[in-house]
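Have a look at the structure below before the remarks.
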Amino acid sequence: MDMTRSSGVLLHVTSLPGPDGIGDLGPAAFQWVDRLAATGCHYWQILPLGPTGYGDSPYQCFSAFAGNPYMIASQHLLDEGLLVASDLGDRPQFSHHHVDYGRVISWKLDLLDRAFDRFVPNDDYLAFRRSEAGWLDDLALFMALKDQYGGRPWVDWPAPLRDRDPGQLERALDAYRVEVERHAFRQWLFHEQWEAVRRHTHERGLLVIGDTPIFVAHDSADVWAHRELFFLDDEGRPTVVAGVPPDYFSPTGQLWGNPLYDWDRHRHTGYEWWLGRLRSVLAQVDMVRLDHFRGFAGYWEIPADAETAIAGRWVPGPGADFLQHVRAVMGDLPIIAEDLGEITPDVHELRDRFELPGMAIVQFAFDSDLTNPFLPHNLRDRSVVYTGTHDNDTTRGWWATAPEHERRLAMDYLGVDGTDIAWDLIRAAWRSPAAVSVAPLQDILDLGTEARMNFPSRPAGNWRWRVDSPALPDPLVERLASLNAESGRLVGAG
């Protein structure tokens, strides 16, 4: 990964403005890129782009390879003649501040169905179908079958389809051919629109940092099509699941519920599935934050019938063998190792052996003393420092509830009175030795807890925040550009 001193802003696509109740890949995305470029930042960081399922989490997707159809912009479909003005005439009155997923999903899918009805397959679409067939065929049939069976998880489908009986799959492909093409069409639209946004991003001198969750959702095309790569019983249900032990987010740990990989089986295939996954994400973004990197050194294995994560145990991950293989096949690894949480020396050893930058969170810097590794003066230059991430409260929200000793250490260390705490932490991150500094847009806008993206221990009501203006106000553009210049992070003024 290029570790040129630089900076970026974290803003997920769904948080952008837009007329259809959720951020999309339409005009607001291009306006956002233009404004970000004007600040002299070098990176736009996003969350996973996959199709979200239960809980609307981008870390629980129906496919590790696919795009989220809810991000497809109706304006582009209108421009291309796949929608007409009357299709948008009954658009609901959506909130500009949060995503109401229930209403958005119904509206968006109806628009996409209308576009599909007008679509005549062209050479670009057919080429996409061929080039992405390795994952797209499974995903399109998987989604068509979910539609047929009322959205139920694949383990609850009739056994021949659950178990991918070849004859039954052929009959399903024939019976649901139109539905399969409908889902393939949505993926092509996402691909075309995202590629246009990414080209514009590059033209403006910016790079995109994406995000790859280490685990995949059980109810996904990936697990349905590759059961042998996971610890599942004869009916396809997990025998052990992923999570983390008790930590600063939850006293009982986090029970994620994702199926765990059979790493021995992956090793015997030469990590073929993982190589395909990394190639896929790096075809969409320029570098990738590898979520829960510590799971490659060792992961928390929880019995599938456990009620909390407390009952888990540490199990060795694939470690250096996996990363060596990936590097041998793919070359340099443009990866940021998300090395937060309960970290043991073997995690840092694995990270450093492959010269991967780790992460630091300034909000975590003030809960002990001056030896805290997240204090700006203690940061390594080969790291990426954040004021906070999507899993943290906004800095303004954190400050409102921080213990008094943390607030006192922060004010003493930073030499501030706390009245502008979000920008105090931004300045500290930008002036630190870390090669790359990143702040969520919420911190740049100095927003409170109402703008928080995710509460890790809360199963519902997350991923909803939206910014109500597509462009940073001029004073904030100038303020961030000035900070980039004075901290040696100014890459280009766009």
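If you're wondering about the labels, chains in the structure tokens are A, B, ... by order shown, residues count from 1 in each chain, ligands from 1 in order shown.
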6 Å contact set for region 131-140 of chain A, only C-alpha atoms, chain neighbours under 5 positions out, as a PyMOL selection string: chain A and resi 180+183-184+221
With N, CA, C and O atoms retained, could you export that selection as a PDB file, in the first residue's frame?
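Once written, part-v6.pdb looks like this:
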ATOM      1  N   VAL A 180     -34.104 -14.744 -12.681  1.00  0.00           N
ATOM      2  CA  VAL A 180     -32.645 -14.803 -12.640  1.00  0.00           C
ATOM      3  C   VAL A 180     -32.051 -13.634 -13.420  1.00  0.00           C
ATOM      4  O   VAL A 180     -31.129 -12.944 -12.957  1.00  0.00           O
ATOM      5  N   HIS A 183     -32.217 -10.274 -11.570  1.00  0.00           N
ATOM      6  CA  HIS A 183     -31.174 -10.024 -10.574  1.00  0.00           C
ATOM      7  C   HIS A 183     -29.818  -9.790 -11.224  1.00  0.00           C
ATOM      8  O   HIS A 183     -29.025  -8.972 -10.725  1.00  0.00           O
ATOM      9  N   ALA A 184     -29.537 -10.459 -12.316  1.00  0.00           N
ATOM     10  CA  ALA A 184     -28.290 -10.192 -13.033  1.00  0.00           C
ATOM     11  C   ALA A 184     -28.279  -8.771 -13.589  1.00  0.00           C
ATOM     12  O   ALA A 184     -27.248  -8.079 -13.549  1.00  0.00           O
ATOM     13  N   ALA A 221     -25.333 -16.317  -0.997  1.00  0.00           N
ATOM     14  CA  ALA A 221     -25.014 -17.175  -2.127  1.00  0.00           C
ATOM     15  C   ALA A 221     -23.660 -17.844  -1.938  1.00  0.00           C
ATOM     16  O   ALA A 221     -23.436 -18.965  -2.409  1.00  0.00           O
TER      17      ALA A 221
END
I'd like the neighbourhood of Asp90 (chain A) as JSON, numbers by chain, where a residue qualifies if any of its atoms comes within 12 Å (using only C-alpha atoms), though same-chain residues fewer than 4 positions away should be ignored. {"A": [20, 85, 86, 94, 107, 110, 111]}
May I have the residues within 12 Å of Arg408 (chain A) as an MDAnalysis selection string, using only C-alpha atoms and disregarding those fewer than 2 positions away in the same chain? chainID A and resid 366:369 399 402:406 410:418
Need to verify the contact set: Asp34 (chain A), 10 Å, only C-alpha atoms, exclusion of same-chain residues closer than 3 positions in sequence. Can you return it as a VMD selection string? chain A and resid 28 to 31 37 to 39 200 to 201 203 to 206 471 to 472 494
Since we have the selection now, will you write its residues out, keeping N, CA, C and O atoms, as a PDB file, in the first residue's frame?
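Saved as again14.pdb:
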ATOM      1  N   ALA A  28     -25.384  13.287  -6.616  1.00  0.00           N
ATOM      2  CA  ALA A  28     -24.802  13.670  -5.329  1.00  0.00           C
ATOM      3  C   ALA A  28     -23.456  12.999  -5.092  1.00  0.00           C
ATOM      4  O   ALA A  28     -22.576  13.569  -4.427  1.00  0.00           O
ATOM      5  N   ALA A  29     -23.265  11.783  -5.623  1.00  0.00           N
ATOM      6  CA  ALA A  29     -21.976  11.103  -5.463  1.00  0.00           C
ATOM      7  C   ALA A  29     -20.879  11.853  -6.206  1.00  0.00           C
ATOM      8  O   ALA A  29     -19.755  12.013  -5.702  1.00  0.00           O
ATOM      9  N   PHE A  30     -21.185  12.340  -7.401  1.00  0.00           N
ATOM     10  CA  PHE A  30     -20.202  13.095  -8.177  1.00  0.00           C
ATOM     11  C   PHE A  30     -19.913  14.443  -7.506  1.00  0.00           C
ATOM     12  O   PHE A  30     -18.762  14.884  -7.461  1.00  0.00           O
ATOM     13  N   GLN A  31     -20.952  15.083  -6.968  1.00  0.00           N
ATOM     14  CA  GLN A  31     -20.749  16.348  -6.261  1.00  0.00           C
ATOM     15  C   GLN A  31     -19.894  16.145  -5.012  1.00  0.00           C
ATOM     16  O   GLN A  31     -19.023  16.976  -4.699  1.00  0.00           O
ATOM     17  N   ALA A  37     -12.314  16.432  -3.287  1.00  0.00           N
ATOM     18  CA  ALA A  37     -11.072  16.744  -3.993  1.00  0.00           C
ATOM     19  C   ALA A  37     -10.610  18.170  -3.687  1.00  0.00           C
ATOM     20  O   ALA A  37      -9.409  18.441  -3.575  1.00  0.00           O
ATOM     21  N   ALA A  38     -11.545  19.085  -3.515  1.00  0.00           N
ATOM     22  CA  ALA A  38     -11.189  20.479  -3.244  1.00  0.00           C
ATOM     23  C   ALA A  38     -10.533  20.663  -1.883  1.00  0.00           C
ATOM     24  O   ALA A  38      -9.873  21.681  -1.646  1.00  0.00           O
ATOM     25  N   THR A  39     -10.682  19.696  -0.974  1.00  0.00           N
ATOM     26  CA  THR A  39     -10.062  19.797   0.341  1.00  0.00           C
ATOM     27  C   THR A  39      -8.599  19.389   0.329  1.00  0.00           C
ATOM     28  O   THR A  39      -7.894  19.608   1.325  1.00  0.00           O
ATOM     29  N   HIS A 200     -14.697   8.956 -12.081  1.00  0.00           N
ATOM     30  CA  HIS A 200     -14.711  10.372 -11.723  1.00  0.00           C
ATOM     31  C   HIS A 200     -13.816  10.625 -10.514  1.00  0.00           C
ATOM     32  O   HIS A 200     -13.117  11.654 -10.442  1.00  0.00           O
ATOM     33  N   THR A 201     -13.840   9.702  -9.569  1.00  0.00           N
ATOM     34  CA  THR A 201     -12.993   9.826  -8.391  1.00  0.00           C
ATOM     35  C   THR A 201     -11.520   9.884  -8.797  1.00  0.00           C
ATOM     36  O   THR A 201     -10.759  10.737  -8.324  1.00  0.00           O
ATOM     37  N   GLU A 203     -10.327  10.712 -11.744  1.00  0.00           N
ATOM     38  CA  GLU A 203     -10.092  11.939 -12.510  1.00  0.00           C
ATOM     39  C   GLU A 203      -9.881  13.138 -11.592  1.00  0.00           C
ATOM     40  O   GLU A 203      -9.183  14.092 -11.970  1.00  0.00           O
ATOM     41  N   ARG A 204     -10.455  13.093 -10.413  1.00  0.00           N
ATOM     42  CA  ARG A 204     -10.308  14.194  -9.459  1.00  0.00           C
ATOM     43  C   ARG A 204      -9.123  13.986  -8.517  1.00  0.00           C
ATOM     44  O   ARG A 204      -8.955  14.722  -7.544  1.00  0.00           O
ATOM     45  N   GLY A 205      -8.303  12.987  -8.803  1.00  0.00           N
ATOM     46  CA  GLY A 205      -7.090  12.765  -8.026  1.00  0.00           C
ATOM     47  C   GLY A 205      -7.294  12.019  -6.726  1.00  0.00           C
ATOM     48  O   GLY A 205      -6.415  12.031  -5.858  1.00  0.00           O
ATOM     49  N   LEU A 206      -8.427  11.345  -6.576  1.00  0.00           N
ATOM     50  CA  LEU A 206      -8.745  10.624  -5.352  1.00  0.00           C
ATOM     51  C   LEU A 206      -8.666   9.121  -5.570  1.00  0.00           C
ATOM     52  O   LEU A 206      -8.832   8.621  -6.688  1.00  0.00           O
ATOM     53  N   ALA A 471     -22.806  18.705  -0.613  1.00  0.00           N
ATOM     54  CA  ALA A 471     -21.518  19.381  -0.685  1.00  0.00           C
ATOM     55  C   ALA A 471     -21.094  19.890   0.681  1.00  0.00           C
ATOM     56  O   ALA A 471     -21.910  20.390   1.457  1.00  0.00           O
ATOM     57  N   LEU A 472     -19.805  19.755   0.978  1.00  0.00           N
ATOM     58  CA  LEU A 472     -19.277  20.401   2.170  1.00  0.00           C
ATOM     59  C   LEU A 472     -19.392  21.916   2.009  1.00  0.00           C
ATOM     60  O   LEU A 472     -19.071  22.448   0.943  1.00  0.00           O
ATOM     61  N   GLY A 494      -7.570  19.484  -6.292  1.00  0.00           N
ATOM     62  CA  GLY A 494      -8.663  19.187  -7.224  1.00  0.00           C
ATOM     63  C   GLY A 494      -8.702  20.186  -8.323  1.00  0.00           C
ATOM     64  O   GLY A 494      -9.729  20.451  -8.892  1.00  0.00           O
TER      65      GLY A 494
END
Just list the residues in region 143-245 of chain A DSSP gives helix (DSSP H, G or I) on the backbone, as a PyMOL selection string. chain A and resi 143-148+154-156+159-162+166-175+177-203+221-225+227-229
Region 378-393 of chain A environment, 8 Å, only C-alpha atoms, sequence neighbours closer than 2 positions dropped, as JSON, numbers by chain: {"A": [3, 10, 336, 356, 357, 358, 359, 360, 361, 362, 363, 371, 372, 373, 374, 375, 376, 395, 396, 397, 398, 425, 426, 429, 432, 433, 434, 435, 436, 437, 438, 439, 440, 443, 449, 452, 453, 454, 455, 456]}
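Taking only region 363-435 of chain A, the residues that DSSP calls strand (DSSP E or B) from the backbone come to A:Ser383, A:Val384, A:Val385, A:Tyr386.
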Selection export as a short mmCIF file (atom, residue, chain, number, x, y, z; two decimals), in the first residue's frame, atoms kept: C-alpha atoms:
data_model
loop_
_atom_site.label_atom_id
_atom_site.label_comp_id
_atom_site.auth_asym_id
_atom_site.auth_seq_id
_atom_site.Cartn_x
_atom_site.Cartn_y
_atom_site.Cartn_z
CA SER A 383 -0.56 3.32 10.25
CA VAL A 384 -3.93 4.85 9.49
CA VAL A 385 -5.37 7.00 12.25
CA TYR A 386 -9.07 7.77 12.63
#
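Going from CA of Leu189 (chain A) over to CA of Arg289 (chain A), you cover 24.9 Å.
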